[in-house]
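Have a look at the structure below, then the notes.
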Amino acid sequence: MRVSVSWLREYVDLPADLPTGDLEQALVDLGIEVESVVDLAASVTGQLVVGEVREIEELTGFKKPIRFCRVDVGAANGTGEPQEIVCGARNFAVGDRVVVILPGGVLPGGFAIGARKTYGHNSAGMICSAKELGLGDDHSGIIVLGPDVTAKPGDDARPVVGLDDVVLDLEITPDRGYALSLRGLARELSHAFDVPLRDPALAPAPGGTETPAYPVEVRDTVGCDRFTARLVRGVDPTAPTPSWMQQRLVTAGIRSISLPVDITNYVMVELGQPMHAFDADRIAGPLVVRRADAGEKLTTLDGVNRVLTADDMVICDDTGPISLAAVMGGETSEVVAGTTTVLFEAAHWDPAMVGRTARRHKLFSEAAKRWERGVDPAVALVALERAVRLLTEHGGGTPSAEILDIDHVRPRTPISLPADLPTRRVGVEYPPARVVALLERVGCTVAQGADRLSEDPGAVGVASGVGTVLSVTPPTWRPDLTDPADLVEEVVRLDGYDRVPSVLPTAPPGRGLTPRQRRRRAVAGSLAERGYVEVLAHPFVSPELADQLGLPADDKRRPAVRLANPLSEEEPLLRTTLLGPLLGILKRNLGRGHRDLALYEIGAVFHPRLGAGSPPAMGVDRRPTDAEFAAADAVVPEQPVHVAVVLSGDLDPAGWWGAGRPAGWADAIEAARDVLAAAGIPDERVEVRAAEYAPWHPGRCAELRVDGSVVGHAGELHPVVVATLELPRRTSAMELNLDALPPTPVTPAPTVSGFPPALIDVALVLDDSVPAEQVRRALEAGAGELLEDVRLFDVYSGAQLGAGRRSLAYKLTFRAPDRTLTVEEAVAARDAAVAVAAERLGATLRGA
C-alpha cells in the first residue's frame with residue numbers, strides 16, 4: 001500500500017519535524033513492514049515546471065502515433081518562447097496544462113533529460129506521466145492538470161503534483177486488514193507517537209430510513225450481512241475529479257477513471273470500506289444479492305466474460321448478474337460518460353467467500369484485497385455519507401433522503417483474558433492496569449465481570465493479576481482478534497517488542513542424526529555423486545494428474561487428499577506420487593533448452609485415512625489433551641517419504657570421443673539399486689521382477705522387492721504418458737518408498753582373503769521370459785560358499801538359439817579364505833551352480 005504522509009497528517013498529529021527514519025522505525029516497531037520511504041522532493045532534480053500546450057502537430061509515417069508540441073513554460077527556459085517537445089501520449093489537447101521537465105533535469109531512476117533530434121524534429125524536455133515522476137504505476141497518458149489548479153506556466157510543478165511530499169510504501173500482513181486504510185494507519189501512528197487521532201469513521205452519518213433508497217433483497221445474509229445504498233440524482237456527468245483527489249489516488253497506485261468511481265476508490269483508501277457506484281438508470285428492476293447459479297455468466301469491468309460458480313456472490317437485477325460482489329462490477333451497470341444518477345453501495349461481505357472468488361477468477365482487485373483481510377462492518381453508513389458529500393460537492397446533484405441499511409451483523413463475542421496471561425506467556429511484567437490501557441488503545445472494551453477493572457494498583461488481585469479475568473470485546477475493525485493469544489500479541493506489540501528479551505534456549509544433548517535422517521542423507525548423497533540433480537517440487541497436483549499419468553479411473557491404490565483452502569483451484573489435491581510434479585519440472589527444463597537431464601527428489605507423499613472423519617477443534621489457550629492429540633493424529637494423512645528420479649536425453653554426453661549413451665529403463669533400475677545400497681539394504685535381500693504398473697511401460701517396468709515386499713518401481717514410462725506430457729521418447733523414471741524399507745542391518749566387517757581368485761565364465765540358454773535376476777540367484781544358491789561374485793556381462797539372442805530363447809553370460813568369481821583353489825574345486829562349484837539353474841529354470845549350458 002502506498003500513501004502520502006501529508007494525507008496521514010489530516011487524521012493524526014505527527015510531529016512537524018519528524019525524520020523519515022523515525023517514521024519508518026515506528027511502523028516497523030508496530031509490526032508493519034516498510035518497503036520504502038521516499039522523499040519525493042529529492043526524487044526529481046532540475047526544472048520541473050507547469051506548461052500550457054499551445055500547438056500540436058500530428059506526425060505520420062511512424063509505427064506509433066507521435067505528436068510535435070509547442071508548450072508555454074513561461075520564463076523557465078530563459079527565452080519565454082514555447083518549448084518544442086515530441087510526445088507520444090494522446091490524452092491531452094491544446095490549452096491543457098501539463099507537467100514538463102526541461103533539459104538538465106533528472107527523473108527517478110537516474111533518467112537524465114536533454115535536448116535531441118527525434119522523429120525529424122528537435123525535442124527539448126519531456127511532458128511527464130505519473131509513472132515517469134515516480135508518483136504511481138499509470139503510464140497510459142501524461143498528467144493533465146485540472147481547472148482547479150491555479151499554477152501558471154513556468155511555476156514549479158512539484159507542489160502541484162505532490163512532489164513536495166513523503167510517500168510510504170507498506171506491505172500489510174494478512175491479519176491486519178484495517179491497516180489498508182488511512183484510518184487504520186493513522187490509528188497505529190497515534191499509538192507509536194502518543195498523539196491525538198481524528199478518526200474519520202466517527203463523522204456523523206444518518207441511519208437507514210423506513211423507505212429504502214432502492215429496492216434490494218439480500219437472500220444470503222451469511223455471505224452479505226450488511227448492505228447499504230443511497231442515490232444521488234442530477235449529477236454533472238462532465239464534472240472532473242479534483243486535482244488533489246487525483247493526486248492522492250495516483251500516489252496510492254490507483255488510476256483516475258471518473259468522478260463517481262474515483263470517489264469510491266478515495267473513500268476505500270481513506271476509511272478502508274470498498275464501495276461500488278452503479279448507474280441507476282442502467283439497472284433494470286430491484287436488486288437481489290444472492291449466490292450465483294452454476295454456469296451463470298457476467299462480463300466484468302475488465303471486459304472478461306466470466307463463468308460463475310455456486311460459491312460466488314452476485315448482485316442481480318431483472319437481467320441477471322450485474323456485479324461480482326466484493327470483487328468487480330459488471331459492464332451493464334457501470335458508470336459511463338453520460339451517467340447522471342448514481343447509486344452508491346457500501347456492503348459487508350464474507351472474507352472467506354471473497355478470497356475464494358478472487359482466486360477462482362484470478363481477480364485480485366484492491367477491493368478484494370481488503371475484503372479477504374477483513375473490513376469494519378460498522379463503517380458502511382459513514383462511507384456512504386462521505387461518498388455522497390464528495391459527489392455533490394464536486395459533481396453537483398441532489399442526494400436522496402432515503403437510505404437503505406440492511407443490517408444482519410452479529411455483535412462481537414467477548415473474550416475471557418486472564419490478566420496475568422501476557423506476563424506468563426512473554427516473560428515481561430505487564431501490570432493488569434497496563435494490559436487494560438493497551439487493549440483500550442486498540443479499541444477494545446475491557447471489563448472485569450460487570451465492572452471496569454480498578455486502576456488502583458493496590459487493589460486485591462490487581463497488582464499481580466493472578467486470579468483476575470478480563471472480559472474483552474474487540475472493536476468492529478479488528479476481526480483478527482478472536483482468542484486470548486491475539487490479545488496477548490496486541491499487548492506485547494503496543495508495549496514494544498524491544499522490551500521482550502531475546503534468550504536462546506539451551507540445546508538439549510542428543511545422539512546425532514536419527515537412523516531415518518542418516519538414511520535420507522546417504523540416499524541423497526549417493527544420487528548426487530552419480531550426477532543426479534536434486535529438485536524440490538510443490539506437493540499440489542490437479543485432479544487431471546491421474547489421467548495424464550495413465551492411471552485407471554477406478555484406481556483405488558492412490559486416493560488423494562483434497563485441500564480445504566488450496567493456493568490454486570487448479571491444483572487442490574496433495575500428491576500421492578512424486579512423479580507427477582517431478583515430470584512437470586522435467587518438462588519445464590526441457591522447455592528452457594536443457595536436453596540431458598537426471599533429476600531426483602526426496603519428499604513426502606500423502607495418503608488419506610479413509611473414513612477417519614474430521615479432526616477435533618483445538619484452541620490456543622491451552623495444551624491439547626492426549627486424547628485430542630490422538631484424535632487429531634488419526635485424521636492426519638499418512639505421509640511416507642519417497643525418492644524418485646527421472647531421466648531424459650543422454651546419460652553419457654556426446655563429444656569428440658563419439659556418440660553419447662542415451663538413458664534408458666536399465667539406468668532407472670540401476671538408480672533404484674543404488675538407492676537401496678545407500679540405504680543399507682544388502683544386495684541379496686533385493687529382488688527385481690518384471691511388472692505392470694502405471695505409469696510405466698508394461699514391457700519395460702520392474703518392481704523392486706526387499707525381503708519379498710514391493711518397495712517401488714522403475715523403468716521406462718508408457719508411450720501414452722510420454723506423449724500426453726510432451727516428453728522425449730524413452731523417458732525413464734524410478735520411485736521407491738523409503739519408509740517401507742526395513743532398518744539397516746548391522747553389517748559385519750568382510751573377511752579379505754589373500755589367496756588368488758578363480759574366474760570362470762558360463763553362458764546359459766533359457767526362455768527369454770526368465771528374468772536375469774532369477775538366474776543370478778540360482779547360480780548363487782548352487783555355487784555355495786566358494787562363490788565370491790557373480791556378474792552378468794553379455795546377453796545374446798539369435799536364430800541358432802531358437803525362437804523365444806536367449807543366452808545369458810555370467811562371470812563367476814570363486815575364492816577360498818584359507819587356500820588356493822584347485823581347478824577341480826572351481827569347476828565343481830561351477831557345475832553345481834549350473835545344475836541348480838537347470839533344475840529351477842530349465843537352463844542349459846551353451847555349447848554343451
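In the C-alpha cells, chains take letters A, B, ... by order of appearance, with residues numbered from 1 within each chain and ligands from 1 in the order shown.
Within region 494-544 of chain A, DSSP applied to the backbone places the following residues in alpha helix (DSSP H): Leu494, Asp495, Pro515, Arg516, Gln517, Arg518, Arg519, Arg520, Arg521, Ala522, Val523, Ala524, Gly525, Ser526, Leu527, Ala528 and Glu529 of chain A.
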I need the residues from that last selection saved to file as an mmCIF file, in the first residue's frame (with N, CA and C atoms), if you can.
data_model
loop_
_atom_site.group_PDB
_atom_site.id
_atom_site.type_symbol
_atom_site.label_atom_id
_atom_site.label_comp_id
_atom_site.auth_asym_id
_atom_site.auth_seq_id
_atom_site.Cartn_x
_atom_site.Cartn_y
_atom_site.Cartn_z
ATOM 1 N N LEU A 494 2.038 -3.262 21.274
ATOM 2 C CA LEU A 494 1.929 -1.842 21.612
ATOM 3 C C LEU A 494 2.870 -1.453 22.748
ATOM 4 N N ASP A 495 3.175 -2.380 23.637
ATOM 5 C CA ASP A 495 4.121 -2.060 24.709
ATOM 6 C C ASP A 495 5.552 -2.001 24.181
ATOM 7 N N PRO A 515 18.394 -42.637 12.687
ATOM 8 C CA PRO A 515 18.615 -43.556 11.553
ATOM 9 C C PRO A 515 17.892 -43.109 10.291
ATOM 10 N N ARG A 516 16.696 -42.543 10.438
ATOM 11 C CA ARG A 516 15.949 -42.076 9.266
ATOM 12 C C ARG A 516 16.659 -40.914 8.590
ATOM 13 N N GLN A 517 17.213 -39.997 9.403
ATOM 14 C CA GLN A 517 17.943 -38.863 8.832
ATOM 15 C C GLN A 517 19.216 -39.333 8.138
ATOM 16 N N ARG A 518 19.930 -40.287 8.757
ATOM 17 C CA ARG A 518 21.162 -40.788 8.132
ATOM 18 C C ARG A 518 20.856 -41.473 6.801
ATOM 19 N N ARG A 519 19.745 -42.239 6.773
ATOM 20 C CA ARG A 519 19.396 -42.925 5.538
ATOM 21 C C ARG A 519 19.061 -41.911 4.441
ATOM 22 N N ARG A 520 18.311 -40.884 4.799
ATOM 23 C CA ARG A 520 17.927 -39.890 3.791
ATOM 24 C C ARG A 520 19.156 -39.175 3.244
ATOM 25 N N ARG A 521 20.096 -38.822 4.107
ATOM 26 C CA ARG A 521 21.310 -38.143 3.645
ATOM 27 C C ARG A 521 22.158 -39.081 2.780
ATOM 28 N N ALA A 522 22.211 -40.345 3.158
ATOM 29 C CA ALA A 522 23.006 -41.289 2.374
ATOM 30 C C ALA A 522 22.420 -41.467 0.976
ATOM 31 N N VAL A 523 21.086 -41.556 0.883
ATOM 32 C CA VAL A 523 20.443 -41.701 -0.420
ATOM 33 C C VAL A 523 20.676 -40.460 -1.278
ATOM 34 N N ALA A 524 20.495 -39.269 -0.675
ATOM 35 C CA ALA A 524 20.706 -38.032 -1.429
ATOM 36 C C ALA A 524 22.149 -37.921 -1.901
ATOM 37 N N GLY A 525 23.089 -38.264 -1.026
ATOM 38 C CA GLY A 525 24.497 -38.189 -1.423
ATOM 39 C C GLY A 525 24.843 -39.167 -2.521
ATOM 40 N N SER A 526 24.260 -40.369 -2.468
ATOM 41 C CA SER A 526 24.542 -41.371 -3.491
ATOM 42 C C SER A 526 24.046 -40.915 -4.859
ATOM 43 N N LEU A 527 22.830 -40.377 -4.927
ATOM 44 C CA LEU A 527 22.306 -39.919 -6.210
ATOM 45 C C LEU A 527 23.083 -38.716 -6.731
ATOM 46 N N ALA A 528 23.444 -37.803 -5.837
ATOM 47 C CA ALA A 528 24.201 -36.623 -6.277
ATOM 48 C C ALA A 528 25.566 -37.024 -6.821
ATOM 49 N N GLU A 529 26.205 -38.011 -6.197
ATOM 50 C CA GLU A 529 27.510 -38.467 -6.675
ATOM 51 C C GLU A 529 27.417 -39.097 -8.063
#
Task: Nearby residues (only C-alpha atoms) at most 10 Å from region 70-77 of chain A, same-chain spacing under 5 positions excluded, as a PyMOL selection string - done: chain A and resi 47-57+82-86+94-103+123-124+127+152-156
- [ ] Go through region 563-743 of chain A and collect every residue that DSSP, computed from the backbone, puts in strand (DSSP E); the answer should be as number ranges by chain.
- [x] A: 573-574, 597-604, 641-648, 650-652, 661-662, 686-690, 696-706, 709-717, 732-737
Open item on the list: Just want the 10 Å neighbourhood of Trp7 (chain A), counted on only C-alpha atoms, with same-chain residues fewer than 6 positions away dropped. Output as a list in words.
Closed with: Asp165, Val166, Val167, Leu182, Ala186, Arg248 and Glu270 of chain A
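When only C-alpha atoms are used to measure the gap to Leu249 (chain A), the shortest distance among A:Ala130, A:Val442, A:Ala325, A:Val436 belongs to A:Ala130.
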Open item on the list: When you look at Pro559 (chain A) with a cut-off of 12 Å (counting only C-alpha atoms), what residues show up, excluding the ones that are within fewer than 4 positions of it in the same chain? I need them as number ranges by chain.
Closed with: A: 543, 545-546, 551-555, 573-577, 605-610, 637-638
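We find CA of Gly207 (chain A) and CA of Leu381 (chain A) to be spaced 6.9 Å apart.
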Task: Surrounding residues of Val307 (chain A) excluding itself and chain neighbours under 2 positions, 9 Å, only C-alpha atoms, as an MDAnalysis selection string - done: chainID A and resid 294:299 305 309 361
Keeping N, CA, C and O atoms for every residue in the selection just given, could you write it to a file as a compact mmCIF listing (two decimals), in the first residue's frame?
# COMPACT_ATOMS: atom_id res chain seq x y z
N ALA A 294 -24.64 -21.99 -10.77
CA ALA A 294 -23.51 -22.57 -11.51
C ALA A 294 -23.72 -22.42 -13.01
O ALA A 294 -24.76 -22.78 -13.54
N GLY A 295 -22.73 -21.84 -13.68
CA GLY A 295 -22.81 -21.66 -15.12
C GLY A 295 -23.29 -20.29 -15.55
O GLY A 295 -23.24 -19.97 -16.75
N GLU A 296 -23.79 -19.47 -14.60
CA GLU A 296 -24.18 -18.10 -14.97
C GLU A 296 -22.96 -17.34 -15.47
O GLU A 296 -21.82 -17.61 -15.07
N LYS A 297 -23.20 -16.33 -16.31
CA LYS A 297 -22.11 -15.58 -16.90
C LYS A 297 -22.25 -14.09 -16.58
O LYS A 297 -23.36 -13.57 -16.42
N LEU A 298 -21.10 -13.43 -16.47
CA LEU A 298 -21.05 -11.99 -16.18
C LEU A 298 -19.82 -11.41 -16.84
O LEU A 298 -18.71 -11.95 -16.68
N THR A 299 -20.00 -10.32 -17.56
CA THR A 299 -18.87 -9.60 -18.13
C THR A 299 -18.48 -8.49 -17.16
O THR A 299 -19.24 -7.55 -16.94
N ASN A 305 -15.51 -12.08 -19.95
CA ASN A 305 -16.76 -12.80 -19.74
C ASN A 305 -16.48 -13.98 -18.81
O ASN A 305 -15.78 -14.92 -19.18
N THR A 309 -19.63 -19.75 -10.41
CA THR A 309 -19.92 -20.99 -9.70
C THR A 309 -20.88 -20.69 -8.57
O THR A 309 -21.15 -19.53 -8.23
N HIS A 361 -11.28 -16.64 -9.95
CA HIS A 361 -11.35 -15.85 -11.19
C HIS A 361 -10.06 -15.07 -11.46
O HIS A 361 -10.01 -14.30 -12.42
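Residue nearest Val160 (chain A), chosen from A:Leu23, A:Gln247, A:Gly223, A:His642 and counting only C-alpha atoms: A:Gln247.
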Task: For region 334-349 of chain A: contacts at 7 Å, only C-alpha atoms, fewer than 2 positions along chain excluded, given as an NGL selection string - done: :A and (223-237 or 274-281 or 326 or 329-332 or 351 or 371 or 377 or 380 or 384)
- [ ] To one decimal in Å, tell me the separation between CA of Ser769 (chain A) and CA of Tyr810 (chain A).
- [x] 17.5 Å
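CA of Val720 (chain A) lies 20.2 Å from CA of Arg595 (chain A).
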Task: Among listed residues A:Glu171, A:Asp626, A:Glu489, A:Asp789, nearest Glu33 (chain A) (using only C-alpha atoms) - done: A:Glu171
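Restricting the calculation to only C-alpha atoms, the smallest distance between Arg493 (chain A) and any of A:Ala447, A:Leu14, A:Val435, A:Ala93 is found for A:Val435.
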Open item on the list: Under the rule that only C-alpha atoms are counted, which of A:Glu773, A:Ala26, A:Leu759, A:His594 is the nearest residue to Asp683 (chain A)?
Closed with: A:Glu773
